[in-house]
Amino acid sequence: MKIAIGNDHAGVEFKNKLMEELRSKGYEIMNVGTDTLDSVDYPDIAKKVSEKVLNGEAKFGILICGTGIGISIAANKIKGIRAALCHNEYTAKLSRLHNDANIIALGARVLGEDLGLACVEAFVNTEFEGGRHAKRVGKIEL
Ligand code: RB5
């Protein structure tokens, strides 16, 4: 499975650990950066990952900033993106089941790396339930 990943300066270490674990489990990870501690603007990263999801290069996206808040707000302004800020496996799973989220956002200053990995695995391995949820997701007009 192809997954695009991107982060601001607050998420470099967290991202590196996550990428290493995901690659060792066989996921194909496309890293859009950033890879240094130099300050960058999270909306630019949100855009890069969103483009890869929308053009089909990646099935899902992972976005990381300090809290996950700014980068999820930015991604959710992009048409076709449903970015879910998740803090545990339950919200990660439900964001796929009920919301058909296509990007998971994580807070590097909020979660431990093991929990981040568990969230991502719950997210990418859960299918959208459809049915009544499809009608609701369809009403999200962006
Ligand atoms: C960067 O310091 C921080 O503001 C950013 O990573 C993020 O938490 C914003 O929502």
# chains A, B, ... in the order shown; residues from 1 in each chain; ligands from 1
call {"tool": "residues_near_ligand", "arguments": {"ligand": "ligand 1", "cutoff": "12 Å", "atoms": "only C-alpha atoms and all ligand atoms", "output": "PyMOL selection string"}}
result
chain A and resi 6-12+14+34+37-43+45-46+63-75+85+105-110
call {"tool": "write_last_selection", "arguments": {"atoms": "C-alpha atoms", "output": "tab-separated table (two decimals), in the first residue's frame"}}
result
chain	number	residue	atom	x	y	z
A	6	GLY	CA	4.71	14.87	5.44
A	7	ASN	CA	5.51	16.93	8.51
A	8	ASP	CA	6.68	20.30	9.67
A	9	HIS	CA	9.84	20.88	11.76
A	10	ALA	CA	8.05	19.72	14.93
A	11	GLY	CA	7.50	16.27	13.47
A	12	VAL	CA	10.83	15.23	11.94
A	14	PHE	CA	8.42	11.32	14.98
A	34	THR	CA	10.51	18.28	5.77
A	37	LEU	CA	14.70	21.19	11.89
A	38	ASP	CA	14.56	24.43	9.92
A	39	SER	CA	11.16	26.03	10.38
A	40	VAL	CA	8.60	25.42	7.63
A	41	ASP	CA	4.90	26.27	7.26
A	42	TYR	CA	2.55	23.34	7.79
A	43	PRO	CA	0.00	24.43	5.12
A	45	ILE	CA	3.23	20.31	3.70
A	46	ALA	CA	-0.52	19.65	3.92
A	63	LEU	CA	0.37	14.57	8.20
A	64	ILE	CA	2.33	15.47	11.30
A	65	CYS	CA	2.87	18.76	13.09
A	66	GLY	CA	3.35	19.59	16.77
A	67	THR	CA	-0.29	19.09	17.72
A	68	GLY	CA	-1.69	17.82	14.42
A	69	ILE	CA	-4.18	20.69	14.59
A	70	GLY	CA	-2.75	23.24	12.16
A	71	ILE	CA	-1.87	20.70	9.51
A	72	SER	CA	-5.31	19.05	9.68
A	73	ILE	CA	-7.08	22.41	9.44
A	74	ALA	CA	-4.98	23.26	6.38
A	75	ALA	CA	-5.59	19.89	4.69
A	85	LEU	CA	-6.83	14.38	13.68
A	105	ALA	CA	-3.13	13.83	11.16
A	106	LEU	CA	-1.01	13.23	14.23
A	107	GLY	CA	0.55	15.47	16.86
A	108	ALA	CA	4.22	14.72	17.36
A	109	ARG	CA	4.21	16.65	20.65
A	110	VAL	CA	1.08	14.85	21.81
call {"tool": "select_by_dssp", "arguments": {"residues": "chain A", "states": "strand (DSSP E or B)", "output": "list in words"}}
result
Lys2, Ile3, Ala4, Ile5, Gly6, Asn7, Glu28, Ile29, Met30, Asn31, Phe60, Gly61, Ile62, Leu63, Ile64, Cys65, Ala83, Ala84, Leu85, Ile103, Ile104, Ala105, Leu106 and Gly107 of chain A
call {"tool": "write_last_selection", "arguments": {"atoms": "C-alpha atoms", "output": "PDB file, in the first residue's frame"}}
result
ATOM      1  CA  LYS A   2       1.294   3.457  -0.957  1.00  0.00           C
ATOM      2  CA  ILE A   3       1.147   6.144   1.712  1.00  0.00           C
ATOM      3  CA  ALA A   4       2.321   9.761   1.453  1.00  0.00           C
ATOM      4  CA  ILE A   5       3.785  11.296   4.588  1.00  0.00           C
ATOM      5  CA  GLY A   6       4.710  14.865   5.443  1.00  0.00           C
ATOM      6  CA  ASN A   7       5.508  16.927   8.506  1.00  0.00           C
ATOM      7  CA  GLU A  28       5.471   1.930   0.479  1.00  0.00           C
ATOM      8  CA  ILE A  29       6.072   5.345   2.001  1.00  0.00           C
ATOM      9  CA  MET A  30       6.478   8.537  -0.050  1.00  0.00           C
ATOM     10  CA  ASN A  31       8.120  11.201   2.068  1.00  0.00           C
ATOM     11  CA  PHE A  60      -3.674   7.570   2.092  1.00  0.00           C
ATOM     12  CA  GLY A  61      -1.750  10.433   3.619  1.00  0.00           C
ATOM     13  CA  ILE A  62      -0.150  10.993   6.998  1.00  0.00           C
ATOM     14  CA  LEU A  63       0.369  14.568   8.201  1.00  0.00           C
ATOM     15  CA  ILE A  64       2.332  15.470  11.299  1.00  0.00           C
ATOM     16  CA  CYS A  65       2.866  18.761  13.091  1.00  0.00           C
ATOM     17  CA  ALA A  83      -8.205  14.752   7.245  1.00  0.00           C
ATOM     18  CA  ALA A  84      -8.824  13.247  10.677  1.00  0.00           C
ATOM     19  CA  LEU A  85      -6.831  14.382  13.684  1.00  0.00           C
ATOM     20  CA  ILE A 103      -5.537  11.562   5.600  1.00  0.00           C
ATOM     21  CA  ILE A 104      -4.636  10.924   9.225  1.00  0.00           C
ATOM     22  CA  ALA A 105      -3.134  13.830  11.160  1.00  0.00           C
ATOM     23  CA  LEU A 106      -1.008  13.229  14.227  1.00  0.00           C
ATOM     24  CA  GLY A 107       0.546  15.467  16.865  1.00  0.00           C
TER      25      GLY A 107
END
call {"tool": "residues_around", "arguments": {"residues": "A:Gly130", "least_positions_apart": "3", "cutoff": "10 Å", "atoms": "only C-alpha atoms", "output": "PyMOL selection string"}}
result
chain A and resi 96-100+127+133-137
call {"tool": "select_by_dssp", "arguments": {"residues": "chain A", "states": "helix (DSSP H, G or I)", "output": "NGL selection string"}}
result
:A and (9-24 or 42-54 or 69-75 or 89-97 or 113-124 or 132-138)
call {"tool": "atom_distance", "arguments": {"atom1": "atom CA of A:Leu115", "atom2": "atom CA of A:Lys17"}}
result
11.7 Å
call {"tool": "closest_residue", "arguments": {"among": "A:Asp114, A:Ile78, A:Glu89, A:Ser95", "to": "A:Leu18", "atoms": "only C-alpha atoms"}}
result
A:Asp114
call {"tool": "atom_distance", "arguments": {"atom1": "atom CA of A:Phe123", "atom2": "atom CA of A:Asn88"}}
result
10.2 Å
call {"tool": "closest_residue", "arguments": {"among": "A:Ala58, A:Ile81, A:Leu22, A:Val49", "to": "A:Glu141", "atoms": "only C-alpha atoms"}}
result
A:Ile81
call {"tool": "atom_distance", "arguments": {"atom1": "atom CA of A:Asn125", "atom2": "atom CA of A:Tyr27"}}
result
11.4 Å
call {"tool": "closest_residue", "arguments": {"among": "A:Met1, A:Glu113, A:Tyr90, A:Gly138", "to": "A:Gly26", "atoms": "only C-alpha atoms"}}
result
A:Met1
call {"tool": "closest_residue", "arguments": {"among": "A:Lys15, A:Ile140, A:Asp35, A:Ala122", "to": "A:Lys93", "atoms": "only C-alpha atoms"}}
result
A:Ala122
call {"tool": "decode", "arguments": {"residues": "stretch 52-67 of chain A", "atoms": "all heavy atoms", "output": "PDB file, in the first residue's frame"}}
result
ATOM      1  N   LYS A  52      -0.806  14.240  -3.486  1.00  0.00           N
ATOM      2  CA  LYS A  52      -0.471  12.836  -3.774  1.00  0.00           C
ATOM      3  C   LYS A  52      -1.670  11.926  -3.528  1.00  0.00           C
ATOM      4  O   LYS A  52      -1.858  10.929  -4.231  1.00  0.00           O
ATOM      5  CB  LYS A  52       0.727  12.380  -2.933  1.00  0.00           C
ATOM      6  CG  LYS A  52       2.017  13.090  -3.309  1.00  0.00           C
ATOM      7  CD  LYS A  52       3.217  12.220  -3.069  1.00  0.00           C
ATOM      8  CE  LYS A  52       4.508  12.877  -3.526  1.00  0.00           C
ATOM      9  NZ  LYS A  52       4.592  13.088  -4.978  1.00  0.00           N
ATOM     10  N   VAL A  53      -2.482  12.267  -2.555  1.00  0.00           N
ATOM     11  CA  VAL A  53      -3.686  11.469  -2.294  1.00  0.00           C
ATOM     12  C   VAL A  53      -4.705  11.726  -3.407  1.00  0.00           C
ATOM     13  O   VAL A  53      -5.292  10.782  -3.958  1.00  0.00           O
ATOM     14  CB  VAL A  53      -4.270  11.812  -0.904  1.00  0.00           C
ATOM     15  CG1 VAL A  53      -5.627  11.154  -0.695  1.00  0.00           C
ATOM     16  CG2 VAL A  53      -3.288  11.382   0.195  1.00  0.00           C
ATOM     17  N   LEU A  54      -4.892  12.976  -3.759  1.00  0.00           N
ATOM     18  CA  LEU A  54      -5.922  13.317  -4.748  1.00  0.00           C
ATOM     19  C   LEU A  54      -5.571  12.830  -6.148  1.00  0.00           C
ATOM     20  O   LEU A  54      -6.461  12.460  -6.910  1.00  0.00           O
ATOM     21  CB  LEU A  54      -6.160  14.835  -4.762  1.00  0.00           C
ATOM     22  CG  LEU A  54      -6.812  15.385  -3.483  1.00  0.00           C
ATOM     23  CD1 LEU A  54      -6.825  16.903  -3.499  1.00  0.00           C
ATOM     24  CD2 LEU A  54      -8.226  14.837  -3.295  1.00  0.00           C
ATOM     25  N   ASN A  55      -4.280  12.790  -6.490  1.00  0.00           N
ATOM     26  CA  ASN A  55      -3.929  12.326  -7.842  1.00  0.00           C
ATOM     27  C   ASN A  55      -3.705  10.813  -7.894  1.00  0.00           C
ATOM     28  O   ASN A  55      -3.341  10.272  -8.938  1.00  0.00           O
ATOM     29  CB  ASN A  55      -2.731  13.108  -8.418  1.00  0.00           C
ATOM     30  CG  ASN A  55      -1.405  12.734  -7.755  1.00  0.00           C
ATOM     31  OD1 ASN A  55      -1.280  11.697  -7.100  1.00  0.00           O
ATOM     32  ND2 ASN A  55      -0.405  13.582  -7.934  1.00  0.00           N
ATOM     33  N   GLY A  56      -3.918  10.148  -6.782  1.00  0.00           N
ATOM     34  CA  GLY A  56      -3.876   8.682  -6.779  1.00  0.00           C
ATOM     35  C   GLY A  56      -2.499   8.070  -6.590  1.00  0.00           C
ATOM     36  O   GLY A  56      -2.367   6.848  -6.552  1.00  0.00           O
ATOM     37  N   GLU A  57      -1.480   8.913  -6.464  1.00  0.00           N
ATOM     38  CA  GLU A  57      -0.132   8.364  -6.210  1.00  0.00           C
ATOM     39  C   GLU A  57      -0.089   7.612  -4.893  1.00  0.00           C
ATOM     40  O   GLU A  57       0.662   6.661  -4.734  1.00  0.00           O
ATOM     41  CB  GLU A  57       0.888   9.503  -6.129  1.00  0.00           C
ATOM     42  CG  GLU A  57       1.431   9.988  -7.439  1.00  0.00           C
ATOM     43  CD  GLU A  57       2.484  11.055  -7.171  1.00  0.00           C
ATOM     44  OE1 GLU A  57       3.610  10.713  -6.846  1.00  0.00           O
ATOM     45  OE2 GLU A  57       2.133  12.247  -7.293  1.00  0.00           O
ATOM     46  N   ALA A  58      -0.872   8.087  -3.937  1.00  0.00           N
ATOM     47  CA  ALA A  58      -0.935   7.439  -2.620  1.00  0.00           C
ATOM     48  C   ALA A  58      -2.388   7.128  -2.289  1.00  0.00           C
ATOM     49  O   ALA A  58      -3.287   7.902  -2.629  1.00  0.00           O
ATOM     50  CB  ALA A  58      -0.355   8.357  -1.558  1.00  0.00           C
ATOM     51  N   LYS A  59      -2.588   5.984  -1.620  1.00  0.00           N
ATOM     52  CA  LYS A  59      -3.953   5.662  -1.195  1.00  0.00           C
ATOM     53  C   LYS A  59      -4.363   6.541  -0.009  1.00  0.00           C
ATOM     54  O   LYS A  59      -5.501   6.989   0.095  1.00  0.00           O
ATOM     55  CB  LYS A  59      -4.040   4.181  -0.825  1.00  0.00           C
ATOM     56  CG  LYS A  59      -5.441   3.781  -0.396  1.00  0.00           C
ATOM     57  CD  LYS A  59      -5.648   2.296  -0.305  1.00  0.00           C
ATOM     58  CE  LYS A  59      -7.111   2.003   0.042  1.00  0.00           C
ATOM     59  NZ  LYS A  59      -7.325   0.644   0.492  1.00  0.00           N
ATOM     60  N   PHE A  60      -3.412   6.761   0.900  1.00  0.00           N
ATOM     61  CA  PHE A  60      -3.674   7.570   2.092  1.00  0.00           C
ATOM     62  C   PHE A  60      -2.520   8.533   2.332  1.00  0.00           C
ATOM     63  O   PHE A  60      -1.431   8.360   1.781  1.00  0.00           O
ATOM     64  CB  PHE A  60      -3.801   6.677   3.339  1.00  0.00           C
ATOM     65  CG  PHE A  60      -4.984   5.750   3.323  1.00  0.00           C
ATOM     66  CD1 PHE A  60      -4.816   4.371   3.314  1.00  0.00           C
ATOM     67  CD2 PHE A  60      -6.280   6.255   3.316  1.00  0.00           C
ATOM     68  CE1 PHE A  60      -5.910   3.513   3.303  1.00  0.00           C
ATOM     69  CE2 PHE A  60      -7.381   5.406   3.307  1.00  0.00           C
ATOM     70  CZ  PHE A  60      -7.193   4.038   3.304  1.00  0.00           C
ATOM     71  N   GLY A  61      -2.793   9.515   3.201  1.00  0.00           N
ATOM     72  CA  GLY A  61      -1.750  10.433   3.619  1.00  0.00           C
ATOM     73  C   GLY A  61      -1.622  10.462   5.127  1.00  0.00           C
ATOM     74  O   GLY A  61      -2.588  10.198   5.852  1.00  0.00           O
ATOM     75  N   ILE A  62      -0.413  10.770   5.569  1.00  0.00           N
ATOM     76  CA  ILE A  62      -0.150  10.993   6.998  1.00  0.00           C
ATOM     77  C   ILE A  62       0.445  12.389   7.116  1.00  0.00           C
ATOM     78  O   ILE A  62       1.408  12.715   6.413  1.00  0.00           O
ATOM     79  CB  ILE A  62       0.864   9.974   7.562  1.00  0.00           C
ATOM     80  CG1 ILE A  62       0.395   8.539   7.346  1.00  0.00           C
ATOM     81  CG2 ILE A  62       1.108  10.245   9.048  1.00  0.00           C
ATOM     82  CD1 ILE A  62       1.460   7.482   7.704  1.00  0.00           C
ATOM     83  N   LEU A  63      -0.140  13.215   7.976  1.00  0.00           N
ATOM     84  CA  LEU A  63       0.369  14.568   8.201  1.00  0.00           C
ATOM     85  C   LEU A  63       0.708  14.743   9.669  1.00  0.00           C
ATOM     86  O   LEU A  63      -0.078  14.356  10.540  1.00  0.00           O
ATOM     87  CB  LEU A  63      -0.680  15.605   7.781  1.00  0.00           C
ATOM     88  CG  LEU A  63      -0.864  15.785   6.276  1.00  0.00           C
ATOM     89  CD1 LEU A  63      -2.056  16.689   5.990  1.00  0.00           C
ATOM     90  CD2 LEU A  63       0.401  16.354   5.628  1.00  0.00           C
ATOM     91  N   ILE A  64       1.855  15.321   9.922  1.00  0.00           N
ATOM     92  CA  ILE A  64       2.332  15.470  11.299  1.00  0.00           C
ATOM     93  C   ILE A  64       2.785  16.910  11.529  1.00  0.00           C
ATOM     94  O   ILE A  64       3.572  17.464  10.745  1.00  0.00           O
ATOM     95  CB  ILE A  64       3.532  14.519  11.551  1.00  0.00           C
ATOM     96  CG1 ILE A  64       3.133  13.065  11.281  1.00  0.00           C
ATOM     97  CG2 ILE A  64       4.059  14.690  12.971  1.00  0.00           C
ATOM     98  CD1 ILE A  64       4.318  12.140  11.015  1.00  0.00           C
ATOM     99  N   CYS A  65       2.279  17.514  12.596  1.00  0.00           N
ATOM    100  CA  CYS A  65       2.866  18.761  13.091  1.00  0.00           C
ATOM    101  C   CYS A  65       2.946  18.631  14.604  1.00  0.00           C
ATOM    102  O   CYS A  65       2.790  17.520  15.130  1.00  0.00           O
ATOM    103  CB  CYS A  65       2.102  20.003  12.608  1.00  0.00           C
ATOM    104  SG  CYS A  65       0.451  20.242  13.287  1.00  0.00           S
ATOM    105  N   GLY A  66       3.183  19.719  15.319  1.00  0.00           N
ATOM    106  CA  GLY A  66       3.345  19.595  16.765  1.00  0.00           C
ATOM    107  C   GLY A  66       2.117  18.995  17.437  1.00  0.00           C
ATOM    108  O   GLY A  66       2.205  18.037  18.194  1.00  0.00           O
ATOM    109  N   THR A  67       0.974  19.579  17.141  1.00  0.00           N
ATOM    110  CA  THR A  67      -0.286  19.088  17.717  1.00  0.00           C
ATOM    111  C   THR A  67      -1.120  18.285  16.733  1.00  0.00           C
ATOM    112  O   THR A  67      -2.077  17.621  17.145  1.00  0.00           O
ATOM    113  CB  THR A  67      -1.159  20.281  18.146  1.00  0.00           C
ATOM    114  OG1 THR A  67      -1.374  21.100  16.982  1.00  0.00           O
ATOM    115  CG2 THR A  67      -0.493  21.085  19.248  1.00  0.00           C
TER     116      THR A  67
END
